[in-house]
>>> print(open('start_4.txt').read())   # compact mmCIF, N, CA and C atoms
# COMPACT_ATOMS: atom_id res chain seq x y z
N MET A 1 32.92 1.88 3.78
CA MET A 1 31.98 0.85 4.13
C MET A 1 32.58 -0.50 3.75
N SER A 2 32.41 -1.44 4.63
CA SER A 2 32.94 -2.77 4.31
C SER A 2 31.96 -3.50 3.40
N ARG A 3 32.43 -4.59 2.87
CA ARG A 3 31.62 -5.36 1.92
C ARG A 3 30.37 -5.93 2.60
N SER A 4 30.51 -6.44 3.81
CA SER A 4 29.35 -7.03 4.50
C SER A 4 28.31 -5.97 4.83
N THR A 5 28.76 -4.76 5.18
CA THR A 5 27.82 -3.68 5.47
C THR A 5 27.06 -3.29 4.21
N ARG A 6 27.77 -3.22 3.10
CA ARG A 6 27.11 -2.90 1.84
C ARG A 6 26.09 -3.97 1.46
N LEU A 7 26.45 -5.22 1.68
CA LEU A 7 25.52 -6.31 1.35
C LEU A 7 24.27 -6.25 2.23
N ARG A 8 24.45 -5.95 3.51
CA ARG A 8 23.29 -5.83 4.41
C ARG A 8 22.41 -4.67 3.99
N LEU A 9 23.03 -3.54 3.68
CA LEU A 9 22.27 -2.38 3.24
C LEU A 9 21.53 -2.68 1.93
N LEU A 10 22.19 -3.36 1.03
CA LEU A 10 21.55 -3.75 -0.23
C LEU A 10 20.37 -4.69 0.03
N GLY A 11 20.53 -5.60 0.98
CA GLY A 11 19.43 -6.52 1.33
C GLY A 11 18.23 -5.80 1.87
N VAL A 12 18.46 -4.82 2.76
CA VAL A 12 17.35 -4.05 3.33
C VAL A 12 16.65 -3.24 2.23
N LEU A 13 17.44 -2.60 1.37
CA LEU A 13 16.85 -1.82 0.29
C LEU A 13 16.09 -2.71 -0.69
N LEU A 14 16.61 -3.89 -0.95
CA LEU A 14 15.94 -4.82 -1.86
C LEU A 14 14.61 -5.29 -1.28
N CYS A 15 14.59 -5.57 0.02
CA CYS A 15 13.33 -5.97 0.65
C CYS A 15 12.29 -4.85 0.56
N GLY A 16 12.73 -3.63 0.80
CA GLY A 16 11.80 -2.50 0.69
C GLY A 16 11.32 -2.30 -0.73
N ALA A 17 12.22 -2.45 -1.69
CA ALA A 17 11.84 -2.27 -3.10
C ALA A 17 10.88 -3.36 -3.57
N LEU A 18 11.05 -4.57 -3.05
CA LEU A 18 10.16 -5.66 -3.45
C LEU A 18 8.80 -5.58 -2.77
N SER A 19 8.74 -4.98 -1.58
CA SER A 19 7.46 -4.91 -0.88
C SER A 19 6.63 -3.72 -1.32
N ALA A 20 7.23 -2.71 -1.92
CA ALA A 20 6.46 -1.53 -2.37
C ALA A 20 5.42 -1.88 -3.43
N PRO A 21 5.75 -2.68 -4.47
CA PRO A 21 4.71 -3.03 -5.44
C PRO A 21 3.60 -3.87 -4.84
N VAL A 22 3.91 -4.68 -3.84
CA VAL A 22 2.87 -5.49 -3.20
C VAL A 22 1.88 -4.58 -2.49
N ALA A 23 2.39 -3.57 -1.79
CA ALA A 23 1.50 -2.64 -1.10
C ALA A 23 0.67 -1.84 -2.11
N ALA A 24 1.28 -1.44 -3.20
CA ALA A 24 0.56 -0.69 -4.22
C ALA A 24 -0.51 -1.55 -4.88
N PHE A 25 -0.21 -2.82 -5.10
CA PHE A 25 -1.18 -3.72 -5.72
C PHE A 25 -2.34 -3.98 -4.77
N ALA A 26 -2.05 -4.13 -3.47
CA ALA A 26 -3.11 -4.39 -2.50
C ALA A 26 -4.05 -3.20 -2.38
N ALA A 27 -3.53 -2.00 -2.52
CA ALA A 27 -4.36 -0.80 -2.41
C ALA A 27 -4.97 -0.39 -3.75
N GLY A 28 -4.64 -1.08 -4.83
CA GLY A 28 -5.05 -0.68 -6.16
C GLY A 28 -6.54 -0.70 -6.41
N GLU A 29 -7.26 -1.65 -5.80
CA GLU A 29 -8.68 -1.74 -6.09
C GLU A 29 -9.48 -0.61 -5.44
N HIS A 30 -8.87 0.10 -4.50
CA HIS A 30 -9.58 1.17 -3.82
C HIS A 30 -9.17 2.55 -4.35
N THR A 31 -8.21 2.59 -5.23
CA THR A 31 -7.73 3.85 -5.76
C THR A 31 -8.53 4.24 -6.99
N VAL A 32 -9.02 5.47 -7.00
CA VAL A 32 -9.77 5.96 -8.15
C VAL A 32 -8.97 7.10 -8.76
N ALA A 33 -8.57 6.91 -10.00
CA ALA A 33 -7.76 7.93 -10.65
C ALA A 33 -8.62 9.01 -11.28
N PHE A 34 -9.63 8.61 -12.00
CA PHE A 34 -10.48 9.57 -12.69
C PHE A 34 -11.93 9.15 -12.52
N THR A 35 -12.79 10.12 -12.43
CA THR A 35 -14.22 9.83 -12.38
C THR A 35 -14.91 10.71 -13.40
N THR A 36 -16.02 10.22 -13.87
CA THR A 36 -16.81 11.02 -14.79
C THR A 36 -18.20 11.16 -14.20
N ALA A 37 -18.72 12.35 -14.28
CA ALA A 37 -20.05 12.60 -13.77
C ALA A 37 -21.06 12.25 -14.86
N GLU A 38 -22.11 11.60 -14.44
CA GLU A 38 -23.14 11.25 -15.40
C GLU A 38 -23.98 12.50 -15.67
N THR A 39 -24.11 12.83 -16.91
CA THR A 39 -24.90 14.00 -17.26
C THR A 39 -25.96 13.59 -18.26
N GLU A 40 -27.15 13.99 -17.99
CA GLU A 40 -28.26 13.73 -18.90
C GLU A 40 -29.08 15.01 -19.02
N ALA A 41 -29.52 15.24 -20.19
CA ALA A 41 -30.41 16.38 -20.38
C ALA A 41 -31.80 15.95 -19.93
N GLU A 42 -32.29 16.62 -18.91
CA GLU A 42 -33.60 16.24 -18.40
C GLU A 42 -34.69 16.97 -19.19
N THR A 43 -35.69 16.21 -19.55
CA THR A 43 -36.81 16.79 -20.27
C THR A 43 -38.06 16.66 -19.42
N ASP A 44 -38.95 17.59 -19.55
CA ASP A 44 -40.17 17.58 -18.75
C ASP A 44 -41.21 16.62 -19.31
N GLU A 45 -41.18 16.40 -20.58
CA GLU A 45 -42.20 15.54 -21.17
C GLU A 45 -41.61 14.18 -21.52
N ALA A 46 -42.38 13.15 -21.30
CA ALA A 46 -41.94 11.79 -21.61
C ALA A 46 -42.11 11.54 -23.11
N PRO A 47 -41.22 10.75 -23.71
CA PRO A 47 -41.39 10.45 -25.14
C PRO A 47 -42.65 9.61 -25.35
N GLU A 48 -43.24 9.81 -26.47
CA GLU A 48 -44.49 9.12 -26.78
C GLU A 48 -44.20 7.69 -27.22
N ASN A 49 -44.94 6.74 -26.64
CA ASN A 49 -44.75 5.34 -26.95
C ASN A 49 -45.83 4.91 -27.94
N THR A 50 -45.41 4.62 -29.17
CA THR A 50 -46.39 4.25 -30.19
C THR A 50 -46.32 2.77 -30.54
N SER A 51 -45.36 2.03 -29.95
CA SER A 51 -45.20 0.63 -30.32
C SER A 51 -46.10 -0.31 -29.53
N GLY A 52 -46.68 0.15 -28.44
CA GLY A 52 -47.55 -0.70 -27.65
C GLY A 52 -46.79 -1.54 -26.63
N VAL A 53 -45.47 -1.44 -26.61
CA VAL A 53 -44.67 -2.19 -25.65
C VAL A 53 -44.39 -1.29 -24.46
N GLU A 54 -44.61 -1.85 -23.27
CA GLU A 54 -44.36 -1.05 -22.07
C GLU A 54 -42.86 -1.02 -21.76
N PRO A 55 -42.36 0.12 -21.33
CA PRO A 55 -40.94 0.20 -21.00
C PRO A 55 -40.62 -0.59 -19.73
N ALA A 56 -39.38 -1.00 -19.65
CA ALA A 56 -38.95 -1.77 -18.48
C ALA A 56 -38.94 -0.88 -17.25
N VAL A 57 -39.18 -1.51 -16.12
CA VAL A 57 -39.18 -0.80 -14.85
C VAL A 57 -37.79 -0.97 -14.23
N GLU A 58 -37.23 0.12 -13.76
CA GLU A 58 -35.90 0.04 -13.17
C GLU A 58 -35.98 -0.67 -11.82
N ALA A 59 -35.09 -1.62 -11.65
CA ALA A 59 -35.02 -2.35 -10.39
C ALA A 59 -34.06 -1.61 -9.46
N PRO A 60 -34.31 -1.64 -8.17
CA PRO A 60 -33.38 -0.98 -7.24
C PRO A 60 -32.04 -1.72 -7.27
N PRO A 61 -30.94 -1.00 -7.11
CA PRO A 61 -29.63 -1.67 -7.15
C PRO A 61 -29.49 -2.66 -5.99
N ALA A 62 -28.85 -3.75 -6.29
CA ALA A 62 -28.65 -4.78 -5.27
C ALA A 62 -27.67 -4.26 -4.23
N ALA A 63 -27.95 -4.57 -2.99
CA ALA A 63 -27.07 -4.13 -1.90
C ALA A 63 -25.78 -4.93 -1.98
N GLU A 64 -24.67 -4.20 -2.02
CA GLU A 64 -23.38 -4.88 -2.10
C GLU A 64 -22.94 -5.28 -0.70
N ASP A 65 -22.53 -6.53 -0.55
CA ASP A 65 -22.02 -6.99 0.73
C ASP A 65 -20.58 -6.52 0.86
N ASP A 66 -20.27 -5.96 2.00
CA ASP A 66 -18.89 -5.55 2.25
C ASP A 66 -18.06 -6.79 2.54
N GLU A 67 -17.20 -7.11 1.58
CA GLU A 67 -16.34 -8.26 1.79
C GLU A 67 -15.20 -7.85 2.69
N GLU A 68 -14.91 -8.70 3.65
CA GLU A 68 -13.80 -8.40 4.54
C GLU A 68 -12.51 -8.63 3.78
N GLN A 69 -11.64 -7.65 3.85
CA GLN A 69 -10.39 -7.77 3.14
C GLN A 69 -9.52 -8.84 3.79
N PRO A 70 -8.72 -9.50 3.00
CA PRO A 70 -7.85 -10.50 3.59
C PRO A 70 -6.85 -9.86 4.54
N TRP A 71 -6.31 -10.66 5.43
CA TRP A 71 -5.42 -10.14 6.46
C TRP A 71 -4.18 -9.48 5.85
N THR A 72 -3.78 -9.91 4.66
CA THR A 72 -2.58 -9.32 4.07
C THR A 72 -2.79 -7.87 3.71
N ALA A 73 -3.97 -7.53 3.24
CA ALA A 73 -4.23 -6.14 2.85
C ALA A 73 -4.37 -5.25 4.09
N ARG A 74 -4.92 -5.78 5.16
CA ARG A 74 -5.14 -4.96 6.35
C ARG A 74 -3.88 -4.79 7.18
N PHE A 75 -3.02 -5.79 7.21
CA PHE A 75 -1.88 -5.75 8.10
C PHE A 75 -0.55 -5.52 7.40
N LEU A 76 -0.55 -5.34 6.09
CA LEU A 76 0.71 -5.18 5.37
C LEU A 76 1.41 -3.88 5.74
N ALA A 77 0.71 -2.77 5.73
CA ALA A 77 1.34 -1.48 6.04
C ALA A 77 1.83 -1.41 7.48
N PRO A 78 1.03 -1.80 8.48
CA PRO A 78 1.55 -1.75 9.86
C PRO A 78 2.73 -2.71 10.08
N THR A 79 2.70 -3.86 9.41
CA THR A 79 3.80 -4.81 9.55
C THR A 79 5.08 -4.23 8.96
N LEU A 80 4.99 -3.62 7.78
CA LEU A 80 6.17 -3.02 7.17
C LEU A 80 6.69 -1.86 8.01
N LEU A 81 5.80 -1.08 8.59
CA LEU A 81 6.22 0.02 9.46
C LEU A 81 6.94 -0.52 10.70
N ALA A 82 6.38 -1.55 11.31
CA ALA A 82 7.02 -2.14 12.49
C ALA A 82 8.38 -2.74 12.13
N LEU A 83 8.46 -3.42 10.99
CA LEU A 83 9.74 -3.98 10.55
C LEU A 83 10.77 -2.88 10.30
N GLY A 84 10.33 -1.78 9.73
CA GLY A 84 11.24 -0.66 9.50
C GLY A 84 11.80 -0.10 10.79
N VAL A 85 10.93 0.04 11.80
CA VAL A 85 11.38 0.54 13.10
C VAL A 85 12.35 -0.45 13.74
N VAL A 86 12.02 -1.73 13.69
CA VAL A 86 12.89 -2.76 14.28
C VAL A 86 14.24 -2.78 13.58
N ILE A 87 14.25 -2.72 12.27
CA ILE A 87 15.51 -2.75 11.52
C ILE A 87 16.34 -1.50 11.83
N THR A 88 15.68 -0.35 11.98
CA THR A 88 16.41 0.87 12.33
C THR A 88 17.03 0.78 13.72
N VAL A 89 16.29 0.23 14.67
CA VAL A 89 16.81 0.06 16.03
C VAL A 89 17.98 -0.91 16.02
N ILE A 90 17.87 -2.01 15.31
CA ILE A 90 18.95 -3.00 15.23
C ILE A 90 20.18 -2.39 14.57
N ALA A 91 19.99 -1.64 13.48
CA ALA A 91 21.13 -1.03 12.80
C ALA A 91 21.81 0.00 13.69
N THR A 92 21.03 0.78 14.44
CA THR A 92 21.61 1.75 15.36
C THR A 92 22.36 1.06 16.48
N GLY A 93 21.79 0.01 17.02
CA GLY A 93 22.48 -0.76 18.07
C GLY A 93 23.74 -1.41 17.55
N TYR A 94 23.71 -1.92 16.36
CA TYR A 94 24.90 -2.53 15.75
C TYR A 94 25.99 -1.49 15.58
N TYR A 95 25.60 -0.31 15.12
CA TYR A 95 26.59 0.76 14.94
C TYR A 95 27.20 1.16 16.28
N ALA A 96 26.34 1.30 17.30
CA ALA A 96 26.81 1.76 18.61
C ALA A 96 27.74 0.74 19.26
N THR A 97 27.46 -0.54 19.08
CA THR A 97 28.28 -1.54 19.77
C THR A 97 29.47 -2.01 18.95
N ARG A 98 29.30 -2.25 17.69
CA ARG A 98 30.37 -2.83 16.89
C ARG A 98 31.30 -1.80 16.27
N ILE A 99 30.76 -0.86 15.58
CA ILE A 99 31.59 0.06 14.81
C ILE A 99 32.13 1.19 15.70
N ARG A 100 31.27 1.83 16.45
CA ARG A 100 31.69 2.95 17.28
C ARG A 100 32.58 2.48 18.43
N GLY A 101 32.33 1.26 18.90
CA GLY A 101 33.13 0.72 20.00
C GLY A 101 34.56 0.38 19.61
N ARG A 102 34.87 0.33 18.37
CA ARG A 102 36.23 -0.01 17.90
C ARG A 102 37.22 1.12 18.13
N TYR A 103 36.74 2.34 18.14
CA TYR A 103 37.63 3.48 18.17
C TYR A 103 37.56 4.17 19.52
N ARG A 104 38.71 4.70 19.94
CA ARG A 104 38.77 5.45 21.19
C ARG A 104 39.41 6.80 20.90
N VAL A 105 38.91 7.79 21.58
CA VAL A 105 39.46 9.13 21.43
C VAL A 105 40.68 9.26 22.36
N VAL A 106 41.79 9.61 21.79
CA VAL A 106 43.03 9.75 22.58
C VAL A 106 43.34 11.25 22.68
N GLU A 107 43.60 11.69 23.88
CA GLU A 107 43.90 13.11 24.06
C GLU A 107 45.38 13.35 24.17
>>> encode(input="start_4.txt", output="structure tokens")
Amino acid sequence: MSRSTRLRLLGVLLCGALSAPVAAFAAGEHTVAFTTAETEAETDEAPENTSGVEPAVEAPPAAEDDEEQPWTARFLAPTLLALGVVITVIATGYYATRIRGRYRVVE
């Protein structure tokens, strides 16, 4: 391998290595590693209230608005996939025209 080919290959690998943590960070808020189930011992009888204070009433949970993800999170994976395909096609074309074209089979 020539020096320029090694440098190009190193550049492509470096771009991929630098973009992997970005993709992992963008997907991090949706990844759940561990969950715990809420367990409570249910009793049939309510505890007796002797203090004269009424217990609080549970409010229904507020409806969460679905925030639209920024364009970087939605389009990062397809963009990287498209770039990978384009780079592979360019590298194959470069090989076919420049490197393979240099040599001829002599019979």
>>> atom_distance(input="start_4.txt", atom1="atom N of Ser4 of chain A", atom2="atom N of Ile87 of chain A")
18.7 Å
>>> closest_residue(input="start_4.txt", among="A:Ala20, A:Ala91, A:Ala82, A:Ala73", to="Arg8 of chain A", atoms="only C-alpha atoms")
A:Ala91
>>> closest_residue(input="start_4.txt", among="A:Gly16, A:Arg98, A:Leu10, A:Thr5", to="Leu83 of chain A", atoms="only C-alpha atoms")
A:Gly16
>>> atom_distance(input="start_4.txt", atom1="atom N of Leu14 of chain A", atom2="atom C of Tyr94 of chain A")
19.2 Å
>>> atom_distance(input="start_4.txt", atom1="atom N of Arg74 of chain A", atom2="atom CA of Ser19 of chain A")
13.8 Å
>>> axis_aligned_box(input="start_4.txt", around="segment 71-84 of chain A", padding_each_side="4 Å", output="lines of an AutoDock Vina configuration file")
center_x = 2.7
center_y = -5.3
center_z = 7.7
size_x = 26.1
size_y = 18.7
size_z = 17.6
>>> select_by_dssp(input="start_4.txt", residues="segment 45-107 of chain A", states="alpha helix (DSSP H)", output="ChimeraX atom specification")
/A:71-94
